[in-house]
$ cat entry-v3.cif   # mmCIF, C-alpha atoms and all ligand atoms
data_final
#
loop_
_atom_site.label_atom_id
_atom_site.label_comp_id
_atom_site.auth_asym_id
_atom_site.auth_seq_id
_atom_site.Cartn_x
_atom_site.Cartn_y
_atom_site.Cartn_z
CA MET Z 245 41.40 117.48 111.95
CA LYS Z 246 38.44 115.23 112.01
CA LYS Z 247 35.73 116.17 109.53
CA ILE Z 248 32.12 115.87 110.44
CA LEU Z 249 29.02 116.50 108.39
CA THR Z 250 25.56 115.80 109.70
CA LEU Z 251 23.43 113.62 107.45
CA PHE Z 252 19.72 114.27 107.12
CA LEU Z 253 18.08 111.66 104.90
CA SER Z 254 15.37 113.96 103.62
CA LEU Z 255 13.68 114.09 100.26
CA THR Z 256 15.15 117.35 99.11
CA LEU Z 257 18.50 118.99 99.31
CA LEU Z 258 18.73 122.30 101.15
CA LEU Z 259 20.19 124.89 98.85
CA GLY Z 260 20.94 127.47 101.49
CA LEU Z 261 24.54 126.58 102.09
CA ALA Z 262 27.15 129.04 100.98
CA ALA Z 263 28.90 128.03 97.79
CA CYS Z 264 32.64 127.91 97.87
CA THR Z 265 35.05 128.59 95.08
CA SER Z 266 37.48 125.92 94.08
CA ASP Z 267 41.14 126.27 94.83
CA ASP Z 268 42.92 126.04 91.53
CA LYS Z 269 46.35 127.22 92.40
CA PRO Z 270 48.85 125.00 90.64
CA GLN Z 271 50.60 122.65 92.95
CA ASN Z 272 51.83 119.20 92.15
CA THR Z 273 52.09 117.79 95.58
CA PRO Z 274 49.65 115.47 97.26
CA GLN Z 275 50.69 116.67 100.69
CA ASN Z 276 49.47 120.23 100.90
CA GLY Z 277 46.72 121.69 102.98
CA GLY Z 278 44.14 120.19 105.25
CA ASN Z 279 40.62 119.19 104.45
CA VAL Z 280 38.58 120.13 107.47
CA GLN Z 281 34.95 119.14 107.61
CA THR Z 282 32.84 121.00 110.13
CA GLY Z 283 29.33 122.20 110.71
CA ALA Z 284 25.90 120.94 109.78
CA ALA Z 285 25.41 120.45 106.09
CA GLN Z 286 22.61 118.84 104.18
CA ALA Z 287 24.00 115.71 102.62
CA PRO Z 288 22.69 113.65 99.77
CA GLU Z 289 20.86 110.44 100.31
CA ILE Z 290 23.55 107.86 100.04
CA THR Z 291 24.16 104.24 99.41
CA THR Z 292 27.11 102.55 100.98
CA PRO Z 293 30.12 101.98 98.74
CA ASP Z 294 29.46 98.23 98.77
CA GLN Z 295 25.87 98.61 97.69
CA GLU Z 296 26.16 101.13 94.96
CA ASN Z 297 27.44 98.97 92.13
CA GLU Z 298 24.65 96.54 92.77
CA ARG Z 299 21.73 98.93 92.60
CA PRO Z 300 18.96 97.50 90.42
CA GLU Z 301 18.88 100.76 88.46
CA MET Z 302 22.25 99.87 87.03
CA ALA Z 303 20.86 96.81 85.31
CA GLU Z 304 17.84 98.68 84.00
CA GLY Z 305 19.88 101.45 82.45
CA GLY Z 306 19.05 105.12 82.25
CA LYS Z 307 20.09 108.28 80.53
CA THR Z 308 22.51 109.70 83.04
CA LEU Z 309 25.32 107.88 84.75
CA VAL Z 310 27.74 109.10 87.40
CA VAL Z 311 31.01 107.18 87.32
CA TYR Z 312 33.81 107.90 89.72
CA PHE Z 313 37.03 106.71 91.25
CA SER Z 314 37.86 107.77 94.78
CA MET Z 315 40.39 106.62 97.33
CA PRO Z 316 39.46 107.50 100.92
CA GLU Z 317 42.48 106.56 102.99
CA THR Z 318 40.48 105.27 105.93
CA THR Z 319 37.05 103.97 106.77
CA ASN Z 320 37.30 104.95 110.42
CA PRO Z 321 35.76 108.35 111.21
CA ASN Z 322 37.63 108.63 114.49
CA ASN Z 323 41.16 109.80 115.23
CA MET Z 324 42.13 110.43 111.62
CA THR Z 325 45.62 111.40 110.63
CA THR Z 326 45.95 114.59 108.56
CA GLU Z 327 46.37 112.53 105.38
CA GLU Z 328 43.29 110.46 106.15
CA ALA Z 329 41.25 113.57 106.88
CA ASN Z 330 42.52 115.15 103.66
CA SER Z 331 41.02 112.38 101.55
CA THR Z 332 37.66 112.00 103.28
CA VAL Z 333 34.34 113.52 104.17
CA VAL Z 334 32.45 112.05 107.13
CA ILE Z 335 28.67 111.96 106.86
CA ASP Z 336 26.73 110.68 109.81
CA GLY Z 337 29.65 108.48 110.79
CA GLU Z 338 30.17 107.12 107.29
CA VAL Z 339 33.49 107.90 105.68
CA LEU Z 340 33.38 108.95 102.02
CA GLY Z 341 36.18 109.93 99.68
CA ASN Z 342 36.15 113.54 98.49
CA THR Z 343 35.34 112.60 94.90
CA GLN Z 344 32.87 110.02 96.14
CA TYR Z 345 31.02 112.75 98.02
CA MET Z 346 30.89 114.87 94.86
CA ALA Z 347 29.55 111.88 92.96
CA TYR Z 348 26.80 111.39 95.53
CA VAL Z 349 25.69 115.02 95.34
CA ILE Z 350 25.67 114.87 91.52
CA ARG Z 351 23.74 111.65 91.52
CA GLN Z 352 21.25 113.01 94.03
CA THR Z 353 20.78 116.11 91.86
CA THR Z 354 20.47 114.33 88.51
CA GLY Z 355 18.66 111.25 89.69
CA GLY Z 356 21.02 109.23 87.51
CA ASP Z 357 22.68 105.91 88.17
CA ILE Z 358 26.03 105.64 89.88
CA PHE Z 359 29.02 103.38 89.40
CA ARG Z 360 32.22 103.28 91.40
CA ILE Z 361 35.40 102.31 89.58
CA GLU Z 362 37.27 99.92 91.85
CA PRO Z 363 40.59 98.28 91.11
CA GLU Z 364 40.85 94.53 90.85
CA VAL Z 365 43.80 94.78 93.23
CA PRO Z 366 42.81 97.18 96.02
CA TYR Z 367 45.02 100.21 96.56
CA PRO Z 368 46.81 100.56 99.88
CA THR Z 369 45.28 103.01 102.32
CA ASP Z 370 48.63 103.99 103.80
CA HIS Z 371 49.25 107.43 102.36
CA ARG Z 372 52.95 107.17 101.59
CA THR Z 373 52.56 103.71 100.05
CA LEU Z 374 49.64 104.92 97.94
CA VAL Z 375 51.50 108.02 96.77
CA ASP Z 376 54.52 105.97 95.77
CA LEU Z 377 52.43 103.34 93.99
CA ALA Z 378 50.53 106.01 92.08
CA ALA Z 379 53.80 107.58 90.97
CA GLU Z 380 55.09 104.20 89.87
CA GLU Z 381 51.92 103.48 87.90
CA GLN Z 382 52.19 106.80 86.17
CA GLU Z 383 55.86 106.27 85.35
CA ASN Z 384 55.06 102.85 83.87
CA ASN Z 385 51.97 104.09 82.01
CA ALA Z 386 50.13 101.29 83.81
CA ARG Z 387 46.55 100.21 83.19
CA PRO Z 388 45.33 98.85 86.52
CA ALA Z 389 42.47 96.40 85.99
CA ILE Z 390 38.96 97.44 87.00
CA ALA Z 391 37.06 94.95 89.17
CA ALA Z 392 33.60 95.24 87.59
CA GLN Z 393 32.09 96.35 84.32
CA ILE Z 394 29.26 98.81 83.76
CA ALA Z 395 26.08 97.08 82.69
CA ASN Z 396 24.29 98.52 79.66
CA PHE Z 397 26.83 101.26 79.09
CA ALA Z 398 25.33 101.92 75.66
CA ASP Z 399 22.09 103.08 77.30
CA TYR Z 400 23.72 106.14 78.86
CA ASP Z 401 24.25 109.24 76.82
CA THR Z 402 25.30 111.65 79.57
CA ILE Z 403 28.11 110.46 81.77
CA PHE Z 404 29.63 112.36 84.66
CA VAL Z 405 33.14 111.10 85.23
CA GLY Z 406 34.92 111.90 88.49
CA TYR Z 407 38.43 111.30 89.81
CA PRO Z 408 40.97 112.80 92.20
CA ASN Z 409 44.03 114.55 90.85
CA TRP Z 410 46.96 112.19 91.26
CA TRP Z 411 50.37 113.57 90.47
CA GLY Z 412 49.01 116.23 88.16
CA ASP Z 413 46.96 113.74 86.13
CA MET Z 414 44.09 111.28 86.39
CA PRO Z 415 44.84 108.10 88.33
CA MET Z 416 46.00 105.55 85.77
CA ILE Z 417 42.91 103.44 86.37
CA MET Z 418 40.95 106.22 84.67
CA TYR Z 419 42.94 105.52 81.50
CA THR Z 420 41.87 101.89 81.83
CA PHE Z 421 38.31 103.10 82.14
CA PHE Z 422 38.33 105.46 79.16
CA GLU Z 423 39.99 102.84 76.98
CA ALA Z 424 37.47 100.19 77.99
CA TYR Z 425 34.31 102.00 76.86
CA ASP Z 426 33.20 103.62 73.63
CA PHE Z 427 32.09 107.17 74.35
CA SER Z 428 31.34 108.06 70.72
CA GLY Z 429 28.32 110.34 70.54
CA LYS Z 430 28.06 110.57 74.30
CA THR Z 431 28.41 113.61 76.55
CA ILE Z 432 31.11 113.50 79.19
CA ILE Z 433 30.98 115.86 82.17
CA PRO Z 434 34.18 115.68 84.20
CA PHE Z 435 34.50 116.46 87.89
CA ASN Z 436 37.36 116.13 90.28
CA THR Z 437 38.80 116.93 93.65
CA HIS Z 438 42.37 117.97 94.29
CA GLY Z 439 44.90 119.33 96.75
CA GLY Z 440 45.76 122.46 94.76
CA SER Z 441 46.20 121.40 91.13
CA GLY Z 442 42.59 121.52 89.96
CA PHE Z 443 42.06 119.51 86.79
CA SER Z 444 45.70 119.90 85.66
CA ASN Z 445 45.66 118.83 82.00
CA THR Z 446 43.09 116.10 82.41
CA ILE Z 447 40.30 117.71 80.40
CA ALA Z 448 42.46 117.79 77.28
CA THR Z 449 43.54 114.24 78.00
CA ILE Z 450 39.95 113.01 78.20
CA GLN Z 451 39.11 114.73 74.94
CA GLN Z 452 42.13 113.06 73.36
CA LEU Z 453 41.08 109.66 74.68
CA GLU Z 454 37.47 110.20 73.57
CA PRO Z 455 37.65 112.32 70.40
CA ASP Z 456 34.07 111.52 69.39
CA ALA Z 457 32.52 112.51 72.69
CA THR Z 458 31.26 115.97 73.64
CA LEU Z 459 32.82 117.37 76.79
CA LEU Z 460 30.84 119.84 78.88
CA GLU Z 461 32.51 122.19 81.32
CA GLY Z 462 33.55 120.28 84.41
CA LEU Z 463 33.76 121.17 88.06
CA THR Z 464 36.90 120.89 90.14
CA ILE Z 465 36.82 121.37 93.91
CA SER Z 466 39.65 121.58 96.38
CA ARG Z 467 39.62 119.05 99.16
CA ASN Z 468 39.84 122.06 101.47
CA ASP Z 469 36.42 123.24 100.27
CA ILE Z 470 34.63 119.97 99.67
CA GLN Z 471 32.82 119.91 103.01
CA ASP Z 472 30.96 123.10 102.10
CA ALA Z 473 30.62 122.52 98.38
CA GLU Z 474 27.19 120.95 98.14
CA ALA Z 475 25.41 124.08 96.92
CA GLU Z 476 28.15 124.77 94.39
CA ILE Z 477 27.85 121.25 93.01
CA VAL Z 478 24.06 121.41 92.82
CA ASP Z 479 24.16 124.82 91.07
CA TRP Z 480 26.73 123.58 88.58
CA VAL Z 481 24.67 120.51 87.73
CA ASN Z 482 21.50 122.57 87.34
CA ASP Z 483 23.26 125.10 85.11
CA LEU Z 484 24.48 122.38 82.73
CA GLY Z 485 21.07 122.27 81.11
CA ILE Z 486 21.00 118.49 80.81
C1 LIG Z 501 48.56 109.40 95.08
C2 LIG Z 501 48.07 110.80 95.25
C3 LIG Z 501 48.58 111.80 94.45
C4 LIG Z 501 48.08 113.08 94.53
N1 LIG Z 501 48.58 114.05 93.70
C5 LIG Z 501 48.03 115.29 93.73
C6 LIG Z 501 48.47 116.30 92.81
O1 LIG Z 501 49.36 116.11 92.00
N2 LIG Z 501 47.86 117.50 92.86
C7 LIG Z 501 46.86 117.78 93.75
O2 LIG Z 501 46.32 118.86 93.73
N3 LIG Z 501 46.42 116.84 94.62
C8 LIG Z 501 46.98 115.63 94.63
N4 LIG Z 501 46.54 114.67 95.53
C9 LIG Z 501 45.47 114.99 96.47
C10 LIG Z 501 44.12 114.47 96.00
O3 LIG Z 501 43.84 114.91 94.68
C11 LIG Z 501 43.00 114.97 96.92
O4 LIG Z 501 43.27 114.65 98.25
C12 LIG Z 501 41.67 114.41 96.49
O5 LIG Z 501 40.64 115.19 97.04
C13 LIG Z 501 41.46 112.98 96.93
O6 LIG Z 501 40.20 112.57 96.47
P1 LIG Z 501 39.54 111.19 96.91
O7 LIG Z 501 39.31 111.25 98.38
O8 LIG Z 501 38.27 111.14 96.14
O9 LIG Z 501 40.48 110.09 96.53
C14 LIG Z 501 47.07 113.38 95.47
C15 LIG Z 501 46.59 112.37 96.32
C16 LIG Z 501 47.09 111.10 96.21
C17 LIG Z 501 46.56 110.02 97.12
#

$ encode --input "entry-v3.cif" --output "structure tokens" --more "lines below"
Ligand SMILES: Cc1cc2nc3c(=O)[nH]c(=O)nc-3n(C[C@H](O)[C@H](O)[C@H](O)COP(=O)(O)O)c2cc1C
Amino acid sequence: MKKILTLFLSLTLLLGLAACTSDDKPQNTPQNGGNVQTGAAQAPEITTPDQENERPEMAEGGKTLVVYFSMPETTNPNNMTTEEANSTVVIDGEVLGNTQYMAYVIRQTTGGDIFRIEPEVPYPTDHRTLVDLAAEEQENNARPAIAAQIANFADYDTIFVGYPNWWGDMPMIMYTFFEAYDFSGKTIIPFNTHGGSGFSNTIATIQQLEPDATLLEGLTISRNDIQDAEAEIVDWVNDLGI
């Protein structure tokens, strides 16, 4: 079902929305459930996916960075298939990935910079093709190349890192990302969206990949709840004490 959120580009976020709990029941299938977006929700001020890696703030550096990978399976808000609706949130006609939406709310709450991890070779948006390719990458322990690098990475000491659950793990491009940057002495705050599996084992994996980083407690949200999760995300960020 088509998901619709109303965007109000206001200065503050409304905190009155009901928080939802995340759906952590183990399930290693990408096909379950439906992610229905309805009702009027206060959305974060957003930049378009094309603009966000070019924001001047990126070049100037800052203390907090929100990095994410997200794979919305369509850019068309109309007549979505179930799979397309599952992977997207629609805000004022703009289609965002579930993890991308989380990243925007976090960024709006922290005031930090934001960087989208994009593959050098774009992923297919056809669901079955994407699912098969992701499985193949995982089987081959692939390291898909990332299109752009983060400027002044050393300037950031708190880094939110977001990704969808793919086949019970991070997408392999997240391994490329963690291997490309030195997180020693930095604080990593993971977040993800999923179709039932929550974080799976990814928190332990990140700590293994970045043994000299401090990991704070992350937030995982089911794609079924993402449309109503703004207040939960804001509360979580505010409770981190960063
Ligand atoms: C290739 C692929 C594999 C997936 N595997 C899982 C999985 O193992 N467990 C799960 O809970 N969800 C799985 N999902 C569902 C996604 O985690 C979920 O739809 C997520 O919210 C998508 O986030 P995005 O829109 O930011 O890409 C998978 C989705 C895709 C496309």

$ residues_near_ligand --input "entry-v3.cif" --ligand "ligand LIG 501 (chain Z)" --cutoff "7 Å" --atoms "all atoms listed in the file" --output "VMD selection string"
chain Z and resid 271 to 275 313 to 316 330 to 332 341 to 344 371 374 to 376 378 to 379 407 to 413 437 to 442 466 to 467

$ residues_around --input "entry-v3.cif" --residues "Z:Ala391" --least-positions-apart "5" --cutoff "9 Å" --atoms "all atoms listed in the file" --output "PyMOL selection string"
chain Z and resi 361-365

$ atom_distance --input "entry-v3.cif" --atom1 "atom CA of Z:Phe421" --atom2 "atom CA of Z:Leu484"
23.7 Å

$ closest_residue --input "entry-v3.cif" --among "Z:Arg351, Z:Lys307, Z:Arg360, Z:Lys430" --to "Z:Ile390" --atoms "all atoms listed in the file"
Z:Arg360

$ atom_distance --input "entry-v3.cif" --atom1 "atom CA of Z:Glu461" --atom2 "atom CA of Z:Tyr419"
19.7 Å

$ atom_distance --input "entry-v3.cif" --atom1 "atom CA of Z:Ile350" --atom2 "atom CA of Z:Phe404"
8.3 Å
